[in-house]
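Enquirer: Sending over a structure as structure tokens; questions will come in a sec.
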Amino acid sequence: MRKAYSNKAVIASLVAPGLIFFFFAILVPICLSVYYGFTDFSGLGAASFIGLDNYKFMLHDKDFWISLRNSGLLAIGFVCIQHPLAIIAAVIIDNMQGKAEGFFRCVYFLPNVISVAIIAYLWKFIYDPNFGLLNNIVKIFGGEGHINWLGSGTAIWSVLIVLIWHGFGWGMLIYYTGIKNIDPVLYEAAAIDGADKKKRFLLITLPLMKPVIQVNVTLAVISALKQMETVYLLTNGGPGNETQFMANHLYKQAFSAFKYGYGNSISVVFVIICILATQVLNMIFREKEA
Amino acid sequence: MKVENKKLTVGSLLGWFVLIAFAVIQIFPLVWLVDFSLASNNEMFTNGLLIIPKVFRFDNYVTAFTDGHFLQYFRNSLLINVLAVVIVLFISIITAFACTRMHWKLSGLVKTIILLGMMIPIHATLLPNYMIYDKLHLTDTIWALLIPYVAFSLPQGLFLTSSFMESIPKELEEAALIDGCGIYRIIAIIITPLMKSSMSTVAIMTFLNNWNEFMMASTYLSSPKWKTLPFSVLEFTGMYASNYSVQFAVMALTAAPMVVIYILLNKHITKGVAMGAVKG
């Protein structure tokens, strides 16, 4: 029996497909990025090796740092606005005990199943200065209502609102599942001991949700770093580069500015930042647990 | 006791208010979208929030349906996504079996390597993959989408299936082994049927992630042959730049399949996402 379980040929045949996909679609491309990151390749013609010049250039590339700052802003928006609201909604739904639970969960999650392409264009219309929904709301409250929300100054906040809005249901769902997994006996015991709702939330729900919150915060930071598609369609980083994000920046550098080599060097830094962020957050949370 | 009751009703009223406010914020943009898609282009410049169209312009949808290549792109989306789901499930299960059940030195390492994929941002591979597919003449083929879709869904698939597989007792398959059943047959006949719940989670996550993907699609594809549903929207904005109500219609139309699927399978999908996200 052990023999059947350690048959090398069988093992190889079972893991080969997965490894082939990994090598061909993830590892080889990243190695290629590392290579092109050291060149001044424009996309056409010959590439010549320029050492660390791309990385030196990146240090002074204002748009690169704006991208990082925007990811930071988005992460803060997720953690300080979206998640608290999601937790509040999850707790209230849980308190309703049944009835409208399915309805609200369904409604909150609905934007998540709609393609980012549609969401981005829908919000472009909502922000439209001529017939947009948001300006019409402003008019109801007595404003002029011809604000160009995606213009300079307000654009980054408009983008953040779309992203916070879009992911709200996802966060809510995960927090709700976390709350459901808490043993109801604990609440009953606390109620007998005379703890009111506020106390029960602060002393039971929040501490027991800690692992869920930690996972969610990690995911939020990573997805803030990875953000590309909504921004690509909504503003493509503009006006100027005010709403630039890293992935969009590297894409633009390679395909619009014809700095394919430089784009790849951003790719490499992008991968490193994502891996580092994941590891650092995991480390912080693990230490706190211990 | 009376005081407690009164407090409860005030509290729950406030609760209802908050929930409904959130619901309105989440759903109103979509209502607005459908409403405007049924109006004529001239009616859009109003001061009100919603329009009551004089005539319901269903012809907006007819235009969207035909000029948006709806059927063709929908078929492409469906085919590519179903194939991706099937391949991800198949590879996840065989890899998970090899890594959790079989005895070999590198099992942990191989699993870690594939799981590493979870940390790699998809968009970092856009530039080099474009180059590779271009060299191999894979651009504009179904492979240009299938390969990355499968590769980036695999880590999560492997993670979920292998953690579930560890909880399946070994006795069943050991009995089958003694009866002379081979490894491949054990996976197909004994393990796979037991994995249904985690398989549906993997299928839902894979489908949701890839159905809405368009960044890779718009980088690797240029002819309409394999373009997916989001392209109905992307191409339309250029074609009907000034006819906004038709643009609203194409957006509502392309959103519809997923919304219908979601409403029908709502419970399974939310359960699947919750399971996938909490464990992943």
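Residues in the structure tokens are named by chain (A, B, ... in the order shown) and by number from 1 within that chain; ligands are numbered from 1 in the order shown.
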Can you tell me, as a PyMOL selection string, which residues in segment 22-181 of chain A count as alpha helix (DSSP H) by DSSP?
Expert: chain A and resi 22+28-37+53-59+62-77+83-96+101-113+116-126+133-140+155-180
Enquirer: List as a ChimeraX atom specification the protein and nucleic acid residues near Leu33 of chain B, meaning an atom at most 12 Å away when only C-alpha atoms are counted, but skip any in the same chain fewer than 5 places from it.
Expert: /A:118-119,121-126,132-133 /B:27-28,38-39,44,49-51,244-253,255-256
Enquirer: Put those residues in a file: C-alpha atoms, as an mmCIF file, in the first residue's frame.
Expert:
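Below is the file that was written, out-v3.cif:
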data_model
loop_
_atom_site.group_PDB
_atom_site.id
_atom_site.type_symbol
_atom_site.label_atom_id
_atom_site.label_comp_id
_atom_site.auth_asym_id
_atom_site.auth_seq_id
_atom_site.Cartn_x
_atom_site.Cartn_y
_atom_site.Cartn_z
ATOM 1 C CA ILE A 118 -19.828 48.245 -15.953
ATOM 2 C CA ILE A 119 -19.224 49.628 -12.462
ATOM 3 C CA TYR A 121 -18.633 53.348 -16.583
ATOM 4 C CA LEU A 122 -21.706 53.575 -14.387
ATOM 5 C CA TRP A 123 -19.808 55.767 -11.939
ATOM 6 C CA LYS A 124 -18.386 57.815 -14.773
ATOM 7 C CA PHE A 125 -22.004 58.664 -15.590
ATOM 8 C CA ILE A 126 -22.867 59.248 -11.942
ATOM 9 C CA GLY A 132 -24.828 62.819 -13.546
ATOM 10 C CA LEU A 133 -26.750 61.504 -10.587
ATOM 11 C CA ILE B 27 -28.662 49.606 -4.972
ATOM 12 C CA PHE B 28 -29.742 53.069 -6.127
ATOM 13 C CA LEU B 38 -35.224 53.022 -20.798
ATOM 14 C CA ALA B 39 -35.387 56.743 -21.489
ATOM 15 C CA MET B 44 -31.579 62.495 -19.686
ATOM 16 C CA LEU B 49 -33.090 61.835 -9.727
ATOM 17 C CA LEU B 50 -35.125 59.440 -11.814
ATOM 18 C CA ILE B 51 -36.886 59.847 -15.127
ATOM 19 C CA TYR B 244 -25.978 57.973 -23.643
ATOM 20 C CA SER B 245 -29.203 56.100 -23.171
ATOM 21 C CA VAL B 246 -27.998 53.310 -25.463
ATOM 22 C CA GLN B 247 -24.819 53.144 -23.406
ATOM 23 C CA PHE B 248 -26.919 52.754 -20.281
ATOM 24 C CA ALA B 249 -28.810 49.945 -21.999
ATOM 25 C CA VAL B 250 -25.684 48.030 -22.967
ATOM 26 C CA MET B 251 -24.432 48.273 -19.395
ATOM 27 C CA ALA B 252 -27.691 46.978 -17.960
ATOM 28 C CA LEU B 253 -27.786 44.224 -20.554
ATOM 29 C CA ALA B 255 -24.787 43.054 -16.177
ATOM 30 C CA ALA B 256 -27.985 41.039 -16.494
#
Enquirer: Once you count only C-alpha atoms, which residues of chain B turn out to be within 6 Å of chain A? Could you give them as an NGL selection string?
Expert: :B and (15 or 45 or 47 or 91 or 94-95 or 98 or 102-103 or 119-120 or 124-125 or 128-129 or 148 or 151 or 212 or 230 or 251 or 255 or 274)
Enquirer: What would the file look like if the residues just selected were written as a PDB file, in the first residue's frame with N, CA and C atoms?
Expert:
ATOM      1  N   GLY B  15     -31.625  50.604  13.836  1.00  0.00           N
ATOM      2  CA  GLY B  15     -30.961  49.548  13.072  1.00  0.00           C
ATOM      3  C   GLY B  15     -31.545  49.432  11.678  1.00  0.00           C
ATOM      4  N   PHE B  45     -31.292  64.887 -19.601  1.00  0.00           N
ATOM      5  CA  PHE B  45     -30.800  66.106 -18.959  1.00  0.00           C
ATOM      6  C   PHE B  45     -31.898  66.709 -18.093  1.00  0.00           C
ATOM      7  N   ASN B  47     -33.417  67.522 -13.933  1.00  0.00           N
ATOM      8  CA  ASN B  47     -32.933  67.867 -12.605  1.00  0.00           C
ATOM      9  C   ASN B  47     -33.348  66.841 -11.558  1.00  0.00           C
ATOM     10  N   ILE B  91      -7.160  20.266 -11.795  1.00  0.00           N
ATOM     11  CA  ILE B  91      -5.765  20.374 -11.352  1.00  0.00           C
ATOM     12  C   ILE B  91      -5.679  20.526  -9.831  1.00  0.00           C
ATOM     13  N   ILE B  94      -6.115  16.944  -8.250  1.00  0.00           N
ATOM     14  CA  ILE B  94      -4.996  16.000  -8.388  1.00  0.00           C
ATOM     15  C   ILE B  94      -3.764  16.516  -7.652  1.00  0.00           C
ATOM     16  N   THR B  95      -3.528  17.839  -7.704  1.00  0.00           N
ATOM     17  CA  THR B  95      -2.358  18.367  -6.995  1.00  0.00           C
ATOM     18  C   THR B  95      -2.544  18.225  -5.482  1.00  0.00           C
ATOM     19  N   ALA B  98      -1.870  14.687  -4.478  1.00  0.00           N
ATOM     20  CA  ALA B  98      -0.440  14.383  -4.462  1.00  0.00           C
ATOM     21  C   ALA B  98       0.239  15.018  -3.254  1.00  0.00           C
ATOM     22  N   MET B 102       0.019  11.538  -0.928  1.00  0.00           N
ATOM     23  CA  MET B 102       1.128  10.718  -1.411  1.00  0.00           C
ATOM     24  C   MET B 102       2.371  10.972  -0.560  1.00  0.00           C
ATOM     25  N   HIS B 103       3.255   9.977  -0.533  1.00  0.00           N
ATOM     26  CA  HIS B 103       4.477  10.119   0.264  1.00  0.00           C
ATOM     27  C   HIS B 103       5.650  10.475  -0.626  1.00  0.00           C
ATOM     28  N   MET B 119       0.195  35.542  -3.697  1.00  0.00           N
ATOM     29  CA  MET B 119       0.776  36.831  -3.332  1.00  0.00           C
ATOM     30  C   MET B 119       1.175  37.658  -4.553  1.00  0.00           C
ATOM     31  N   ILE B 120       1.302  36.994  -5.706  1.00  0.00           N
ATOM     32  CA  ILE B 120       1.748  37.707  -6.903  1.00  0.00           C
ATOM     33  C   ILE B 120       0.582  38.490  -7.507  1.00  0.00           C
ATOM     34  N   ALA B 124       1.119  42.387 -12.569  1.00  0.00           N
ATOM     35  CA  ALA B 124       2.565  42.446 -12.769  1.00  0.00           C
ATOM     36  C   ALA B 124       2.984  41.541 -13.920  1.00  0.00           C
ATOM     37  N   THR B 125       2.112  40.629 -14.339  1.00  0.00           N
ATOM     38  CA  THR B 125       2.479  39.724 -15.431  1.00  0.00           C
ATOM     39  C   THR B 125       1.965  40.210 -16.783  1.00  0.00           C
ATOM     40  N   PRO B 128       5.135  41.129 -19.423  1.00  0.00           N
ATOM     41  CA  PRO B 128       5.881  39.985 -19.954  1.00  0.00           C
ATOM     42  C   PRO B 128       4.992  38.961 -20.647  1.00  0.00           C
ATOM     43  N   ASN B 129       3.788  38.715 -20.101  1.00  0.00           N
ATOM     44  CA  ASN B 129       2.923  37.735 -20.740  1.00  0.00           C
ATOM     45  C   ASN B 129       2.517  38.173 -22.134  1.00  0.00           C
ATOM     46  N   PRO B 148      -3.687  32.311 -18.165  1.00  0.00           N
ATOM     47  CA  PRO B 148      -3.590  33.110 -16.931  1.00  0.00           C
ATOM     48  C   PRO B 148      -4.794  32.958 -16.001  1.00  0.00           C
ATOM     49  N   ALA B 151      -4.087  29.825 -14.106  1.00  0.00           N
ATOM     50  CA  ALA B 151      -2.907  29.940 -13.250  1.00  0.00           C
ATOM     51  C   ALA B 151      -3.199  30.782 -12.010  1.00  0.00           C
ATOM     52  N   ASN B 212     -15.487  38.701 -14.507  1.00  0.00           N
ATOM     53  CA  ASN B 212     -15.425  40.154 -14.576  1.00  0.00           C
ATOM     54  C   ASN B 212     -14.077  40.678 -15.046  1.00  0.00           C
ATOM     55  N   PRO B 230     -17.395  41.968 -21.028  1.00  0.00           N
ATOM     56  CA  PRO B 230     -17.108  43.375 -20.720  1.00  0.00           C
ATOM     57  C   PRO B 230     -16.832  44.219 -21.962  1.00  0.00           C
ATOM     58  N   MET B 251     -24.952  48.607 -20.710  1.00  0.00           N
ATOM     59  CA  MET B 251     -24.432  48.273 -19.395  1.00  0.00           C
ATOM     60  C   MET B 251     -25.410  47.394 -18.623  1.00  0.00           C
ATOM     61  N   ALA B 255     -24.766  43.411 -17.591  1.00  0.00           N
ATOM     62  CA  ALA B 255     -24.787  43.054 -16.177  1.00  0.00           C
ATOM     63  C   ALA B 255     -25.811  41.952 -15.909  1.00  0.00           C
ATOM     64  N   ALA B 274     -18.153  33.283   1.308  1.00  0.00           N
ATOM     65  CA  ALA B 274     -17.804  33.373   2.724  1.00  0.00           C
ATOM     66  C   ALA B 274     -16.815  32.280   3.091  1.00  0.00           C
TER      67      ALA B 274
END
Enquirer: Kindly give the distance, in Å, that separates atom CA of Asn282 of chain A and atom CA of Val217 of chain A, rounded to a single decimal.
Expert: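 Computing the Euclidean distance for atom CA of Asn282 of chain A and atom CA of Val217 of chain A yields 10.3 Å.
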Enquirer: Just the number, please: distance in Å from atom CA of Asp63 of chain A to atom CA of Ser152 of chain A, one decimal.
Expert: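 Pair atom CA of Asp63 of chain A / atom CA of Ser152 of chain A returns 15.1 Å.
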Enquirer: Atom CA of Ala144 of chain B and atom CA of Thr161 of chain B, how far apart in Å?
Expert: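 These two atoms are separated by 25.8 Å.
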Enquirer: Choose the residue, out of B:Val110, B:Gly48, B:Trp32, B:Met118, that has the smallest atom-to-atom separation from Phe141 of chain A; count only C-alpha atoms.
Expert: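 Among the listed residues, B:Gly48 lies closest to Phe141 of chain A.
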Enquirer: Using only C-alpha atoms, which protein or nucleic acid residues come within 12 Å of Asn243 of chain B? Drop anything in the same chain fewer than 6 positions from it, and give the result as a count of residues only.
Expert: 15
Enquirer: Nearest to His268 of chain B: which of B:Ser197, B:Ser77, B:Thr46, B:Gln156 is it, counting only C-alpha atoms?
Expert: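 Ranked by minimum distance to His268 of chain B, first place goes to B:Ser197.
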Enquirer: Hey, what's within 9 Å of Phe231 of chain B if we count only C-alpha atoms and toss same-chain stuff fewer than 2 positions away? As a ChimeraX atom specification, please?
Expert: /A:117 /B:68-69,73,214,217-218,224,227-229,233-236
Enquirer: Residues of the last selection are to be written out with C-alpha atoms, as a PDB file, in the first residue's frame.
Expert:
ATOM      1  CA  ALA A 117     -16.158  47.511 -16.547  1.00  0.00           C
TER       2      ALA A 117
ATOM      3  CA  GLY B  68     -22.808  45.131 -28.755  1.00  0.00           C
ATOM      4  CA  HIS B  69     -22.137  41.629 -30.134  1.00  0.00           C
ATOM      5  CA  TYR B  73     -19.271  37.825 -26.371  1.00  0.00           C
ATOM      6  CA  PHE B 214     -11.030  42.392 -18.708  1.00  0.00           C
ATOM      7  CA  ALA B 217      -8.505  40.259 -22.193  1.00  0.00           C
ATOM      8  CA  SER B 218      -7.999  43.758 -23.519  1.00  0.00           C
ATOM      9  CA  PRO B 224     -13.542  40.154 -31.680  1.00  0.00           C
ATOM     10  CA  LYS B 227     -13.581  38.860 -26.690  1.00  0.00           C
ATOM     11  CA  THR B 228     -15.609  38.527 -23.526  1.00  0.00           C
ATOM     12  CA  LEU B 229     -18.723  40.249 -22.263  1.00  0.00           C
ATOM     13  CA  VAL B 233     -19.510  47.925 -22.799  1.00  0.00           C
ATOM     14  CA  LEU B 234     -15.968  49.005 -23.655  1.00  0.00           C
ATOM     15  CA  GLU B 235     -16.536  49.073 -27.407  1.00  0.00           C
ATOM     16  CA  PHE B 236     -19.924  50.682 -27.176  1.00  0.00           C
TER      17      PHE B 236
END
Enquirer: Between A:Thr205, A:Thr218, A:Asn181, A:Asn148, which is the closest to Ala75 of chain A once you count only C-alpha atoms?
Expert: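 Answer, going by the shortest atom-to-atom distance: A:Thr218.
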Enquirer: Of the residues B:Leu172, B:Ile269, B:Met199, B:Ile93, which is the one nearest to Tyr184 of chain B, using only C-alpha atoms?
Expert: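 Of all the options, B:Ile93 lies closest to Tyr184 of chain B.
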Enquirer: When you count only C-alpha atoms, which of these residues is closest to Ala120 of chain A: A:Leu150, A:Leu234, A:Ala189, A:Leu74?
Expert: A:Leu234
